[in-house]
Amino acid sequence: MRKKKKVGQKAPPGRWVRCPRGVRAYVPNPLPPKLIWSPRLVRALSDADRMIGRLAGEGRRLLNPHLLMRPFIRREAVLSSRIEGTQATLGELLEAEAGGAVERSPDDLREVGNYVAALEYGMKRLKKLPLSLRLVRELHARLMKGVRGDRATPGAFRRSQNWIGTPGCTLNDASYIPPPPTELMDCLGSWEEFLHEGSMPALVQAGLAHYQFEAIHPFLDGNGRVGRLMITLFLVEREILPTPLLYLSAFFEATRRDYYDLLAGVSERGDWETWLIYFLNGVARQSEDAFGRAERINGLLERWRMEVSRISFGRPTEVPRRLVDLLAANPFITIKRAAKQLRVAFTTAQRGMDKLEKLGIVARTTRAKRDRVYSAQGILNILEEPTRITPLASKRRAGRKN
């Protein structure tokens, strides 16, 4: 006998199917769902639109947006990979890229580096290829190349059942079982079709598409990272942002319990409203966060350029000023790499770096006489500042105490 649905209870946006092993897998319905535009949801969308618009305006005013974009991409790579258990820090990644010796597992650095490579590749591919299943496979291939997921067929959708649960759990103990392989391509085909839907607000569409991708879970490994990559690429493709300055991994990482609970809330109860409000709040808060960081970094760079010019005493300042610009892309730098990037002699780059060191703009991170690594700690401090967000779960607990 079928259980009667309680009054006001929302229906799950999908169906449960029996798998060969006797467990039930979830198959989400095609998007979009029927949304109820409550005042709370409308306010959340308005706030997100306003804040991301402000961030987009800042991005368009940047003199060299591609320079500032690089450390932001790397910050996203570190935080997205941290959700999956990787421990590398942003400073370690940037220092390793600059040629410094870092005491961190090469596997961790490779995983984070792969995320950077996948996102940068996706940005280039968007010029010729729209968001599609083909692009998703290509991103996955670069993300999982040579790392722990290399066993999980990089660039290929799964042909076996996967599941989500605590480490080491079996299919029978799983907290969530995504669609079986026989249903996978139909789900992905509908998801790809929804990406090209143009009749709803883009930020809402991004939130719906992210839930659906995670619910489908099309790869044996790397689904979370690919899903987060797709949010950024979607916003750039839709021209919501001129350059990828907004990343939600910091928000998801800071509110990890809420993130997983609310995804489950959609699958179990059809609670789209709470998920979308959470997602849009993440867009608003991270837009505000990225705007503040970008503004502070730009202000710091401008101050340094003025300081370099002020102590020149009529001598050319081109090399020191160009070194300051390089610090926008990576606050870690070596003389050898600086000379190569600026196409100047090693001794010329050294004199320029000495000037920056004298001003306190950079400091040596190593005592080695050769291949010295310098860092602009002011920029690194801004980039590594933790995201200040109170998770919903903590707010609920505080409310109960009061």
# chains A, B, ... in the order shown; residues from 1 in each chain; ligands from 1
>>> select_by_dssp(residues="segment 84-329 of chain A", states="helix (DSSP H, G or I)", output="VMD selection string")
chain A and resid 90 to 98 106 to 125 133 to 144 148 to 151 171 to 173 181 to 195 202 to 216 223 to 237 249 to 254 256 to 269 272 to 310 318 to 329
>>> residues_around(residues="Gly189 of chain A", least_positions_apart="6", cutoff="12 Å", atoms="only C-alpha atoms", output="list in words")
Asn29, Pro30, Leu31, Ser132, Leu133, Arg134, Glu183, Leu195, His196, Gln212, Phe213, Ile216 and Pro218 of chain A
>>> write_last_selection(atoms="N, CA and C atoms", output="short mmCIF file (atom, residue, chain, number, x, y, z; two decimals), in the first residue's frame")
data_model
loop_
_atom_site.label_atom_id
_atom_site.label_comp_id
_atom_site.auth_asym_id
_atom_site.auth_seq_id
_atom_site.Cartn_x
_atom_site.Cartn_y
_atom_site.Cartn_z
N ASN A 29 14.76 13.95 -12.32
CA ASN A 29 13.95 14.35 -13.47
C ASN A 29 14.70 15.42 -14.27
N PRO A 30 14.40 15.56 -15.56
CA PRO A 30 15.03 16.63 -16.34
C PRO A 30 14.70 18.00 -15.77
N LEU A 31 15.64 18.92 -15.90
CA LEU A 31 15.43 20.31 -15.48
C LEU A 31 14.69 21.07 -16.58
N SER A 132 29.29 21.85 -22.82
CA SER A 132 28.74 20.63 -23.40
C SER A 132 29.33 19.41 -22.71
N LEU A 133 28.78 18.24 -23.02
CA LEU A 133 29.32 17.00 -22.47
C LEU A 133 30.74 16.76 -22.97
N ARG A 134 31.00 17.18 -24.19
CA ARG A 134 32.35 17.04 -24.73
C ARG A 134 33.35 17.83 -23.89
N GLU A 183 20.96 4.43 -17.11
CA GLU A 183 20.19 5.68 -17.14
C GLU A 183 21.08 6.91 -17.35
N LEU A 195 21.60 23.28 -20.17
CA LEU A 195 22.65 24.30 -20.15
C LEU A 195 22.41 25.39 -21.19
N HIS A 196 21.71 25.05 -22.26
CA HIS A 196 21.48 26.00 -23.35
C HIS A 196 20.13 26.70 -23.23
N GLN A 212 22.07 19.29 -10.35
CA GLN A 212 21.79 18.15 -11.25
C GLN A 212 23.06 17.38 -11.58
N PHE A 213 24.16 18.10 -11.82
CA PHE A 213 25.41 17.43 -12.16
C PHE A 213 25.87 16.56 -10.99
N ILE A 216 23.70 13.47 -10.72
CA ILE A 216 24.00 12.47 -11.76
C ILE A 216 25.31 11.76 -11.46
N PRO A 218 28.49 11.70 -12.88
CA PRO A 218 28.79 10.91 -14.08
C PRO A 218 30.16 10.24 -14.13
#
>>> residues_around(residues="Ala174 of chain A", least_positions_apart="3", cutoff="9 Å", atoms="only C-alpha atoms", output="list in words")
Trp163, Ile164, Gly165, Thr166, Cys169, Thr170, Leu171 and Ile177 of chain A
>>> residues_around(residues="segment 244-252 of chain A", least_positions_apart="4", cutoff="7 Å", atoms="only C-alpha atoms", output="mmCIF file with C-alpha atoms, in the first residue's frame")
data_model
loop_
_atom_site.group_PDB
_atom_site.id
_atom_site.type_symbol
_atom_site.label_atom_id
_atom_site.label_comp_id
_atom_site.auth_asym_id
_atom_site.auth_seq_id
_atom_site.Cartn_x
_atom_site.Cartn_y
_atom_site.Cartn_z
ATOM 1 C CA MET A 69 42.945 36.270 -12.541
ATOM 2 C CA PHE A 72 42.361 33.809 -7.967
ATOM 3 C CA GLU A 76 39.949 28.312 -6.171
ATOM 4 C CA LEU A 79 39.971 25.336 -1.893
ATOM 5 C CA SER A 80 38.138 23.057 -4.325
ATOM 6 C CA ARG A 228 32.529 23.466 -9.331
ATOM 7 C CA THR A 232 32.750 29.392 -13.134
ATOM 8 C CA VAL A 236 31.868 33.454 -18.062
ATOM 9 C CA ARG A 256 30.484 22.074 3.882
ATOM 10 C CA TYR A 259 26.275 22.151 1.160
ATOM 11 C CA GLY A 282 27.098 31.975 -1.849
ATOM 12 C CA VAL A 283 27.255 33.949 -5.105
ATOM 13 C CA GLN A 286 31.798 35.374 -2.672
ATOM 14 C CA SER A 287 31.250 38.262 -5.107
ATOM 15 C CA ALA A 290 36.360 38.673 -4.396
ATOM 16 C CA THR A 387 36.552 33.368 4.090
#
>>> decode(residues="segment 157-189 of chain A", atoms="N, CA and C atoms", output="PDB file, in the first residue's frame")
ATOM      1  N   PHE A 157      32.924   8.899 -19.134  1.00  0.00           N
ATOM      2  CA  PHE A 157      31.816   8.716 -18.207  1.00  0.00           C
ATOM      3  C   PHE A 157      31.813   7.287 -17.696  1.00  0.00           C
ATOM      4  N   ARG A 158      31.363   7.112 -16.493  1.00  0.00           N
ATOM      5  CA  ARG A 158      31.432   5.802 -15.843  1.00  0.00           C
ATOM      6  C   ARG A 158      30.538   4.764 -16.541  1.00  0.00           C
ATOM      7  N   ARG A 159      30.978   3.525 -16.454  1.00  0.00           N
ATOM      8  CA  ARG A 159      30.190   2.401 -16.972  1.00  0.00           C
ATOM      9  C   ARG A 159      29.825   1.427 -15.860  1.00  0.00           C
ATOM     10  N   SER A 160      30.068   1.831 -14.638  1.00  0.00           N
ATOM     11  CA  SER A 160      29.714   1.000 -13.492  1.00  0.00           C
ATOM     12  C   SER A 160      29.054   1.888 -12.450  1.00  0.00           C
ATOM     13  N   GLN A 161      28.416   1.256 -11.476  1.00  0.00           N
ATOM     14  CA  GLN A 161      27.701   2.004 -10.438  1.00  0.00           C
ATOM     15  C   GLN A 161      28.679   2.617  -9.436  1.00  0.00           C
ATOM     16  N   ASN A 162      28.465   3.860  -9.105  1.00  0.00           N
ATOM     17  CA  ASN A 162      29.233   4.493  -8.035  1.00  0.00           C
ATOM     18  C   ASN A 162      28.286   4.898  -6.922  1.00  0.00           C
ATOM     19  N   TRP A 163      28.822   5.418  -5.827  1.00  0.00           N
ATOM     20  CA  TRP A 163      27.984   5.814  -4.702  1.00  0.00           C
ATOM     21  C   TRP A 163      28.734   6.810  -3.835  1.00  0.00           C
ATOM     22  N   ILE A 164      27.996   7.430  -2.929  1.00  0.00           N
ATOM     23  CA  ILE A 164      28.550   8.426  -2.017  1.00  0.00           C
ATOM     24  C   ILE A 164      28.318   7.950  -0.589  1.00  0.00           C
ATOM     25  N   GLY A 165      29.341   8.084   0.233  1.00  0.00           N
ATOM     26  CA  GLY A 165      29.224   7.688   1.630  1.00  0.00           C
ATOM     27  C   GLY A 165      30.515   7.955   2.363  1.00  0.00           C
ATOM     28  N   THR A 166      30.598   7.490   3.585  1.00  0.00           N
ATOM     29  CA  THR A 166      31.810   7.663   4.377  1.00  0.00           C
ATOM     30  C   THR A 166      32.942   6.848   3.765  1.00  0.00           C
ATOM     31  N   PRO A 167      34.202   7.252   3.972  1.00  0.00           N
ATOM     32  CA  PRO A 167      35.325   6.511   3.399  1.00  0.00           C
ATOM     33  C   PRO A 167      35.269   5.024   3.747  1.00  0.00           C
ATOM     34  N   GLY A 168      35.417   4.183   2.735  1.00  0.00           N
ATOM     35  CA  GLY A 168      35.442   2.749   2.940  1.00  0.00           C
ATOM     36  C   GLY A 168      34.080   2.079   2.976  1.00  0.00           C
ATOM     37  N   CYS A 169      33.004   2.867   2.842  1.00  0.00           N
ATOM     38  CA  CYS A 169      31.675   2.258   2.895  1.00  0.00           C
ATOM     39  C   CYS A 169      31.393   1.474   1.623  1.00  0.00           C
ATOM     40  N   THR A 170      30.469   0.541   1.694  1.00  0.00           N
ATOM     41  CA  THR A 170      30.076  -0.269   0.544  1.00  0.00           C
ATOM     42  C   THR A 170      28.812   0.304  -0.080  1.00  0.00           C
ATOM     43  N   LEU A 171      28.403  -0.262  -1.193  1.00  0.00           N
ATOM     44  CA  LEU A 171      27.181   0.177  -1.871  1.00  0.00           C
ATOM     45  C   LEU A 171      25.975   0.070  -0.939  1.00  0.00           C
ATOM     46  N   ASN A 172      25.933  -0.971  -0.128  1.00  0.00           N
ATOM     47  CA  ASN A 172      24.800  -1.177   0.775  1.00  0.00           C
ATOM     48  C   ASN A 172      24.749  -0.151   1.908  1.00  0.00           C
ATOM     49  N   ASP A 173      25.902   0.459   2.217  1.00  0.00           N
ATOM     50  CA  ASP A 173      25.966   1.453   3.299  1.00  0.00           C
ATOM     51  C   ASP A 173      25.944   2.885   2.778  1.00  0.00           C
ATOM     52  N   ALA A 174      25.811   3.058   1.468  1.00  0.00           N
ATOM     53  CA  ALA A 174      25.937   4.385   0.865  1.00  0.00           C
ATOM     54  C   ALA A 174      24.840   5.333   1.342  1.00  0.00           C
ATOM     55  N   SER A 175      25.202   6.620   1.458  1.00  0.00           N
ATOM     56  CA  SER A 175      24.213   7.638   1.808  1.00  0.00           C
ATOM     57  C   SER A 175      23.468   8.128   0.571  1.00  0.00           C
ATOM     58  N   TYR A 176      24.059   7.944  -0.600  1.00  0.00           N
ATOM     59  CA  TYR A 176      23.406   8.343  -1.846  1.00  0.00           C
ATOM     60  C   TYR A 176      23.947   7.487  -2.988  1.00  0.00           C
ATOM     61  N   ILE A 177      23.038   7.013  -3.836  1.00  0.00           N
ATOM     62  CA  ILE A 177      23.426   6.213  -5.006  1.00  0.00           C
ATOM     63  C   ILE A 177      22.881   6.909  -6.247  1.00  0.00           C
ATOM     64  N   PRO A 178      23.750   7.441  -7.114  1.00  0.00           N
ATOM     65  CA  PRO A 178      23.305   8.158  -8.315  1.00  0.00           C
ATOM     66  C   PRO A 178      22.775   7.200  -9.377  1.00  0.00           C
ATOM     67  N   PRO A 179      22.323   7.732 -10.510  1.00  0.00           N
ATOM     68  CA  PRO A 179      21.697   6.890 -11.533  1.00  0.00           C
ATOM     69  C   PRO A 179      22.587   5.717 -11.961  1.00  0.00           C
ATOM     70  N   PRO A 180      21.994   4.556 -12.242  1.00  0.00           N
ATOM     71  CA  PRO A 180      22.774   3.429 -12.750  1.00  0.00           C
ATOM     72  C   PRO A 180      23.276   3.731 -14.151  1.00  0.00           C
ATOM     73  N   PRO A 181      24.305   3.022 -14.612  1.00  0.00           N
ATOM     74  CA  PRO A 181      24.879   3.294 -15.935  1.00  0.00           C
ATOM     75  C   PRO A 181      23.861   3.259 -17.069  1.00  0.00           C
ATOM     76  N   THR A 182      22.837   2.435 -16.941  1.00  0.00           N
ATOM     77  CA  THR A 182      21.829   2.341 -18.007  1.00  0.00           C
ATOM     78  C   THR A 182      21.017   3.621 -18.158  1.00  0.00           C
ATOM     79  N   GLU A 183      20.961   4.431 -17.113  1.00  0.00           N
ATOM     80  CA  GLU A 183      20.189   5.682 -17.144  1.00  0.00           C
ATOM     81  C   GLU A 183      21.077   6.906 -17.350  1.00  0.00           C
ATOM     82  N   LEU A 184      22.395   6.701 -17.300  1.00  0.00           N
ATOM     83  CA  LEU A 184      23.328   7.825 -17.207  1.00  0.00           C
ATOM     84  C   LEU A 184      23.258   8.764 -18.405  1.00  0.00           C
ATOM     85  N   MET A 185      23.344   8.238 -19.598  1.00  0.00           N
ATOM     86  CA  MET A 185      23.434   9.106 -20.776  1.00  0.00           C
ATOM     87  C   MET A 185      22.135   9.871 -21.024  1.00  0.00           C
ATOM     88  N   ASP A 186      20.989   9.290 -20.685  1.00  0.00           N
ATOM     89  CA  ASP A 186      19.737  10.034 -20.806  1.00  0.00           C
ATOM     90  C   ASP A 186      19.739  11.228 -19.858  1.00  0.00           C
ATOM     91  N   CYS A 187      20.221  10.999 -18.623  1.00  0.00           N
ATOM     92  CA  CYS A 187      20.302  12.090 -17.651  1.00  0.00           C
ATOM     93  C   CYS A 187      21.253  13.188 -18.126  1.00  0.00           C
ATOM     94  N   LEU A 188      22.406  12.778 -18.634  1.00  0.00           N
ATOM     95  CA  LEU A 188      23.397  13.755 -19.098  1.00  0.00           C
ATOM     96  C   LEU A 188      22.915  14.509 -20.327  1.00  0.00           C
ATOM     97  N   GLY A 189      22.199  13.815 -21.210  1.00  0.00           N
ATOM     98  CA  GLY A 189      21.673  14.479 -22.396  1.00  0.00           C
ATOM     99  C   GLY A 189      20.690  15.577 -22.035  1.00  0.00           C
TER     100      GLY A 189
END
